[in-house]
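Enquirer: Just dropping this structure here.
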Amino acid sequence: MSISRIVIHRVPLELRAPFTTSFGTYETLDRPFVVIETGDGLRGVGEIPTLLDPAYKAEVDTPAVLTSLREFILPSVARAHREKGQIDDVPALRESYAWVKGAVFAKSGVEAAMWDIVAQRAGEPLWRLWGGERRTFPVGVSIGGKTLSQVLDLAERAVGLGYGRLKVKIWPGFDDEVARAVRLRFPDILLQVDANSAYSMANWRRLQALDDLDLLLIEQPLFDDDIVLHSEISRELRTPICLDESIHSLRDAQAAAMLWERNDALDRLIVNIKPPRVSGFAEAIAIVRFCQEKGIRTWIGGMLDSAWGKAMNLNFNGVSEIQLPGDHFSPGGAYFVEDVTETSLVAEEGQFALGDGVSAGVAIDWPRFERMGRVVYQETFDLHNRGSRSA
Ligand code: OSB
Ligand code: MG
């Protein structure tokens with residue numbers, strides 16, 4: 001398969017409600033979308049769910065991602081394409097930029113666009129390409145409220161819409177009271193909390209107060225780049241620890257497994273799989289398989305993705321190795337004032353059902369997509385397979 005062009009669109013997205021985490025509040029987002037165009041007229045799309053800044057973790061901000069794509073990743077794809085005459089599958093694509101250290105978010109967008117093309121060519125839904133066997137599964141919501149009353153309000157709305165699993169954002173001083181209030185209001189709900197690395201070795205013991213709330217997990221309480229100290233404190237927490245920020249690869253998941261195994265605590269290790277945070281779906285598949293073999297539970301996290309990114313993640317959630325409900329929906333209805341797909345995603349009674357639609361199962365609304373965003377870069381691949389760069 002020949003690639004004729006790779007285009008980066010930059011699309012502003014406006015949240016319907018502000019989303020607050022321990023590291024800040026977001027009202028708008030500014031998203032790169034990678035579009036791969038092929039010689040035979042297909043277009044594959046990959047969203048890169050960046051945030052405006054690197055407060056969640058390194059290299060997930062829009063400027064860093066655009067730099068990695070423009071300077072290193074897309075030129076590498078063009079070079080490999082020129083040398084081989086084509087890049088026709090995900091392994092060849094990944095190999096072309098494997099030399100680039102880090103840049104997991106940037107890489108994931110190119111890979112997602114390629115998966116879209118592979119699925120269109122096969123005429124299959126992504127979940128089938130990925131070996132998915134579960135057509136219907138429960139989904140959850142992530143609540144990013146700034147005050148206790150906002151959190152309770154959003155929880156009320158989410159439960160009213162039928163969701164059976166809630167995740168609440170916490171930080172020091174906004175933890176025990178909030179989690180306890182939600183647990184009291186919804187005694188039977190699946191409840192988990194996410195600290196986004198807001199605690200240190202000096203104050204993590206505050207979290208022991210949450211051990212009697214029957215929480216499913218506490219997500220990334222310590223530093224964004226840490227696995228070791230998390231394994232250390234897991235010995236003194238009854239609630240499982242879930243790693244998010246610090247898992248970028250199968251190797252990271254294996255390292256975590258080794259550490260928890262030494263504590264005889266594998267049943268208290270959970271891994272949040274965000275496909276973009278592990279450089280794409282190929283690595284995500286390897287991680288969920290490994291975790292399944294080890295008895296480590298996994299679930300699919302989100303980054304306030306557009307309906308396109310969410311649809312891809314939902315397809316991935318069809319893989320049977322994934323046990324727990326993911327962050328796929330907003331507690332109050334749609335995430336964004338305007339989104340990029342023709343139809344919106346719906347979960348009836350907190351369950352999502354995968355259909356037989358090709359690729360992600362939803363279609364990009366191209367006129368709207370092009371109106372909402374703008375092209376910021378393109379890498380052209382000429383017919384003689386000589387790559388060239390242009391702004
Ligand atoms: O840590 O899971 C996180 C959003 C932005 C950055 C980090 C996180 C989140 C979420 C949102 O919790 C999950 C979603 O997309 O619904
Ligand atoms: Mg998280």
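Ordering of the structure tokens sets the chain letters (A, B, ...); residue numbers start at 1 within each chain; ligands are numbered from 1 in the order shown.
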Which residues of chain A come within 6 Å of ligand 2, and for each one, what is the closest pair of atoms and their distance in Å to one decimal, counting only C-alpha atoms and all ligand atoms, sorted by chain and residue number, as CSV?
Expert:
```
residue,atom,partner,partner_atom_place_in_ligand_line,distance
A:Asp194,CA,ligand 2,1 (Mg),5.6
A:Asn196,CA,ligand 2,1 (Mg),5.6
A:Glu219,CA,ligand 2,1 (Mg),5.9
A:Asp244,CA,ligand 2,1 (Mg),5.2
```
Enquirer: Okay, now the selection with N, CA, C and O atoms, as a PDB file, in the first residue's frame?
Expert:
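Dumped everything to out_20.pdb:
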```pdb
ATOM      1  N   ASP A 194      -9.028   8.687  41.553  1.00  0.00           N
ATOM      2  CA  ASP A 194      -7.822   8.964  40.760  1.00  0.00           C
ATOM      3  C   ASP A 194      -7.153  10.226  41.314  1.00  0.00           C
ATOM      4  O   ASP A 194      -7.744  11.301  41.300  1.00  0.00           O
ATOM      5  N   ASN A 196      -4.051  11.373  40.256  1.00  0.00           N
ATOM      6  CA  ASN A 196      -3.142  11.999  39.280  1.00  0.00           C
ATOM      7  C   ASN A 196      -1.867  12.529  39.940  1.00  0.00           C
ATOM      8  O   ASN A 196      -1.508  13.700  39.795  1.00  0.00           O
ATOM      9  N   GLU A 219      -6.013   5.287  41.881  1.00  0.00           N
ATOM     10  CA  GLU A 219      -5.191   5.451  40.674  1.00  0.00           C
ATOM     11  C   GLU A 219      -4.061   6.460  40.880  1.00  0.00           C
ATOM     12  O   GLU A 219      -4.287   7.581  41.343  1.00  0.00           O
ATOM     13  N   ASP A 244      -1.416   4.470  36.138  1.00  0.00           N
ATOM     14  CA  ASP A 244      -1.831   5.122  34.889  1.00  0.00           C
ATOM     15  C   ASP A 244      -0.594   5.793  34.281  1.00  0.00           C
ATOM     16  O   ASP A 244       0.087   5.196  33.421  1.00  0.00           O
TER      17      ASP A 244
END
```
Enquirer: Grab me every residue within 8 Å of ligand 1, counting only C-alpha atoms and all ligand atoms, and send it over as a list in words.
Expert: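 Those within range of ligand 1 are Phe19, Thr21, Leu51, Tyr56, Val141, Ser142, Ile143, Gly144, Lys167, Lys169, Asp194, Ala195, Asn196, Glu219, Asp244, Glu245, Gly301, Gly302, Met303, Leu304, Asp305, Lys310, Asp327, His328, Phe329 and Ser330 of chain A.
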Enquirer: Using N, CA and C atoms, can you write the selected residues to a file as a tab-separated table (two decimals), in the first residue's frame?
Expert:
```
chain	number	residue	atom	x	y	z
A	19	PHE	N	-13.38	20.34	33.42
A	19	PHE	CA	-12.94	19.08	34.00
A	19	PHE	C	-11.75	19.36	34.91
A	21	THR	N	-8.88	18.15	37.74
A	21	THR	CA	-8.09	17.06	38.31
A	21	THR	C	-7.16	17.70	39.34
A	51	LEU	N	-3.34	17.27	26.07
A	51	LEU	CA	-3.85	18.34	26.92
A	51	LEU	C	-3.10	19.61	26.51
A	56	TYR	N	-0.15	16.69	33.29
A	56	TYR	CA	-0.51	15.29	33.57
A	56	TYR	C	0.74	14.42	33.52
A	141	VAL	N	-17.71	6.32	34.05
A	141	VAL	CA	-17.46	7.75	33.81
A	141	VAL	C	-16.43	8.25	34.80
A	142	SER	N	-15.74	9.32	34.41
A	142	SER	CA	-14.75	9.96	35.26
A	142	SER	C	-15.30	11.32	35.66
A	143	ILE	N	-15.32	11.57	36.97
A	143	ILE	CA	-15.91	12.81	37.49
A	143	ILE	C	-14.81	13.77	37.91
A	144	GLY	N	-14.70	14.88	37.19
A	144	GLY	CA	-13.68	15.88	37.51
A	144	GLY	C	-14.33	17.12	38.08
A	167	LYS	N	-15.70	7.07	38.69
A	167	LYS	CA	-14.34	7.38	39.13
A	167	LYS	C	-14.33	8.84	39.55
A	169	LYS	N	-12.11	12.18	40.97
A	169	LYS	CA	-10.78	12.79	41.10
A	169	LYS	C	-10.58	13.28	42.52
A	194	ASP	N	-9.03	8.69	41.55
A	194	ASP	CA	-7.82	8.96	40.76
A	194	ASP	C	-7.15	10.23	41.31
A	195	ALA	N	-5.90	10.08	41.79
A	195	ALA	CA	-5.19	11.21	42.41
A	195	ALA	C	-4.28	11.94	41.43
A	196	ASN	N	-4.05	11.37	40.26
A	196	ASN	CA	-3.14	12.00	39.28
A	196	ASN	C	-1.87	12.53	39.94
A	219	GLU	N	-6.01	5.29	41.88
A	219	GLU	CA	-5.19	5.45	40.67
A	219	GLU	C	-4.06	6.46	40.88
A	244	ASP	N	-1.42	4.47	36.14
A	244	ASP	CA	-1.83	5.12	34.89
A	244	ASP	C	-0.59	5.79	34.28
A	245	GLU	N	-0.24	6.98	34.77
A	245	GLU	CA	0.83	7.82	34.21
A	245	GLU	C	2.15	7.08	33.96
A	301	GLY	N	-8.55	3.54	30.06
A	301	GLY	CA	-8.70	4.92	30.51
A	301	GLY	C	-8.93	5.85	29.33
A	302	GLY	N	-9.23	7.10	29.64
A	302	GLY	CA	-9.48	8.08	28.59
A	302	GLY	C	-8.72	9.37	28.86
A	303	MET	N	-8.74	10.25	27.88
A	303	MET	CA	-8.08	11.57	27.98
A	303	MET	C	-9.04	12.64	27.50
A	304	LEU	N	-10.34	12.50	27.84
A	304	LEU	CA	-11.34	13.42	27.32
A	304	LEU	C	-11.26	13.44	25.79
A	305	ASP	N	-11.19	12.24	25.23
A	305	ASP	CA	-11.05	12.08	23.79
A	305	ASP	C	-12.34	12.48	23.09
A	310	LYS	N	-12.74	7.96	21.39
A	310	LYS	CA	-13.53	7.10	22.28
A	310	LYS	C	-14.02	5.86	21.53
A	327	ASP	N	-13.15	4.33	31.30
A	327	ASP	CA	-13.60	5.73	31.26
A	327	ASP	C	-13.95	6.08	29.82
A	328	HIS	N	-15.19	5.86	29.43
A	328	HIS	CA	-15.54	6.09	28.03
A	328	HIS	C	-16.58	7.18	27.82
A	329	PHE	N	-17.27	7.55	28.91
A	329	PHE	CA	-18.37	8.51	28.75
A	329	PHE	C	-18.27	9.62	29.78
A	330	SER	N	-18.90	10.73	29.45
A	330	SER	CA	-18.91	11.87	30.36
A	330	SER	C	-20.11	11.74	31.30
```
Enquirer: Of the candidates A:Ser320, A:Ile6, A:Val139, A:Glu293, which shows the shortest atom-to-atom distance to His81 of chain A, using only C-alpha atoms?
Expert: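 Of A:Ser320, A:Ile6, A:Val139, A:Glu293, the one nearest His81 of chain A is A:Ile6, counting only C-alpha atoms.
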Enquirer: Counting only C-alpha atoms, which of A:Val319, A:Val90, A:Val288, A:Leu243 gets nearest to Ala119 of chain A?
Expert: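 Of A:Val319, A:Val90, A:Val288, A:Leu243, the one nearest Ala119 of chain A is A:Val90, counting only C-alpha atoms.
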Enquirer: From segment 267-361 of chain A, collect each residue whose DSSP state is strand (DSSP E or B) and return the set as an MDAnalysis selection string.
Expert: chainID A and resid 269:273 297:300 327:330 333 336 341 348 351:353 359
Enquirer: Those same residues - C-alpha atoms - I'd like them written as a tab-separated table (two decimals), in the first residue's frame.
Expert:
```
chain	number	residue	atom	x	y	z
A	269	LEU	CA	-2.14	-4.20	41.19
A	270	ILE	CA	-4.39	-2.87	38.44
A	271	VAL	CA	-3.28	-1.24	35.18
A	272	ASN	CA	-5.11	1.56	33.40
A	273	ILE	CA	-4.51	1.07	29.67
A	297	ARG	CA	-6.75	-6.58	36.09
A	298	THR	CA	-6.89	-3.91	33.38
A	299	TRP	CA	-9.32	-1.32	32.08
A	300	ILE	CA	-9.34	1.36	29.39
A	327	ASP	CA	-13.60	5.73	31.26
A	328	HIS	CA	-15.54	6.09	28.03
A	329	PHE	CA	-18.37	8.51	28.75
A	330	SER	CA	-18.91	11.87	30.36
A	333	GLY	CA	-23.98	13.61	28.65
A	336	PHE	CA	-18.00	18.52	23.88
A	341	THR	CA	-18.24	12.32	14.21
A	348	GLU	CA	-27.84	2.28	27.24
A	351	GLN	CA	-23.63	-0.77	28.76
A	352	PHE	CA	-21.97	-0.24	25.41
A	353	ALA	CA	-22.71	-2.56	22.48
A	359	SER	CA	-13.33	0.36	11.55
```
Enquirer: In Å, with one decimal, what is the gap from atom CA of Lys57 of chain A to atom CA of Tyr199 of chain A?
Expert: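 Atom CA of Tyr199 of chain A lies 14.8 Å from atom CA of Lys57 of chain A.
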Enquirer: Would you pick out the contacts of Arg180 of chain A at 12 Å or less, using only C-alpha atoms, so that residues sharing its chain but fewer than 2 positions from it are not included, and give the list as a ChimeraX atom specification?
Expert: /A:148,151-152,168,170,174-178,182-187,191-193,207,209-215
Enquirer: Would you mind writing down, as number ranges by chain, each residue of segment 178-275 of chain A that DSSP on the backbone assigns to alpha helix (DSSP H)?
Expert: A: 178-185, 228-234, 250-262
Enquirer: Using only C-alpha atoms for the distances, tell me which of A:Glu370, A:Glu338, A:Glu283, A:Glu47 is nearest to Val110 of chain A.
Expert: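 Checking each of A:Glu370, A:Glu338, A:Glu283, A:Glu47 against Val110 of chain A, counting only C-alpha atoms, the winner is A:Glu47.
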Enquirer: If we count only C-alpha atoms, what is near Pro91 of chain A at a cut-off of 10 Å, once residues fewer than 4 positions away on the same chain are taken out, given as a list in words?
Expert: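 So, after excluding close chain neighbours, the residues are Ile87, Glu95, Ser96, Glu111 and Ala282 of chain A.
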Enquirer: Just write the chosen residues, all heavy atoms, as a compact mmCIF listing (two decimals), in the first residue's frame.
Expert:
```
# COMPACT_ATOMS: atom_id res chain seq x y z
N ILE A 87 4.44 1.11 2.97
CA ILE A 87 4.29 0.69 4.37
C ILE A 87 2.88 0.19 4.45
O ILE A 87 1.94 0.96 4.29
CB ILE A 87 4.52 1.86 5.34
CG1 ILE A 87 6.01 2.22 5.33
CG2 ILE A 87 4.06 1.50 6.75
CD1 ILE A 87 6.42 3.24 6.36
N GLU A 95 8.00 0.13 13.15
CA GLU A 95 9.43 -0.04 12.98
C GLU A 95 10.08 1.25 12.45
O GLU A 95 11.21 1.59 12.81
CB GLU A 95 9.66 -1.20 12.01
CG GLU A 95 11.06 -1.76 11.99
CD GLU A 95 11.22 -2.74 10.83
OE1 GLU A 95 10.41 -3.69 10.73
OE2 GLU A 95 12.14 -2.52 10.03
N SER A 96 9.33 1.98 11.61
CA SER A 96 9.91 3.17 10.98
C SER A 96 10.28 4.24 12.01
O SER A 96 11.21 4.99 11.80
CB SER A 96 8.97 3.74 9.92
OG SER A 96 7.85 4.38 10.51
N GLU A 111 -0.20 5.55 14.45
CA GLU A 111 -0.61 4.14 14.47
C GLU A 111 -2.13 4.01 14.37
O GLU A 111 -2.64 3.15 13.63
CB GLU A 111 -0.09 3.45 15.75
CG GLU A 111 -0.16 1.94 15.62
CD GLU A 111 -0.04 1.20 16.94
OE1 GLU A 111 1.03 1.26 17.57
OE2 GLU A 111 -1.02 0.52 17.32
N ALA A 282 -1.23 -1.61 19.35
CA ALA A 282 -0.42 -2.83 19.26
C ALA A 282 0.23 -3.13 20.62
O ALA A 282 0.18 -4.25 21.12
CB ALA A 282 0.64 -2.67 18.17
```
Enquirer: Taking 3 positions as the minimum chain separation for residues in the same chain, which residues sit within 12 Å of Val358 of chain A when counting only C-alpha atoms? Answer as a ChimeraX atom specification.
Expert: /A:115-129,311-312,315,354-355,361-363
Enquirer: Quick check, in Å to one decimal: how far apart do atom CA of Pro138 of chain A and atom CA of Gln323 of chain A lie?
Expert: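 A separation of 9.9 Å between them.
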Enquirer: For Asp89 of chain A, which residue out of A:Val34, A:Ala158, A:Ile3, A:Val375 is the nearest one, using only C-alpha atoms?
Expert: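 Once distances to Asp89 of chain A are computed over only C-alpha atoms, the minimum belongs to A:Ile3.
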Enquirer: Of the candidates A:Val11, A:Leu345, A:Leu266, A:Leu42, which one gets nearest to Ala360 of chain A if we count only C-alpha atoms?
Expert: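 Checking each of A:Val11, A:Leu345, A:Leu266, A:Leu42 against Ala360 of chain A, counting only C-alpha atoms, the winner is A:Leu345.
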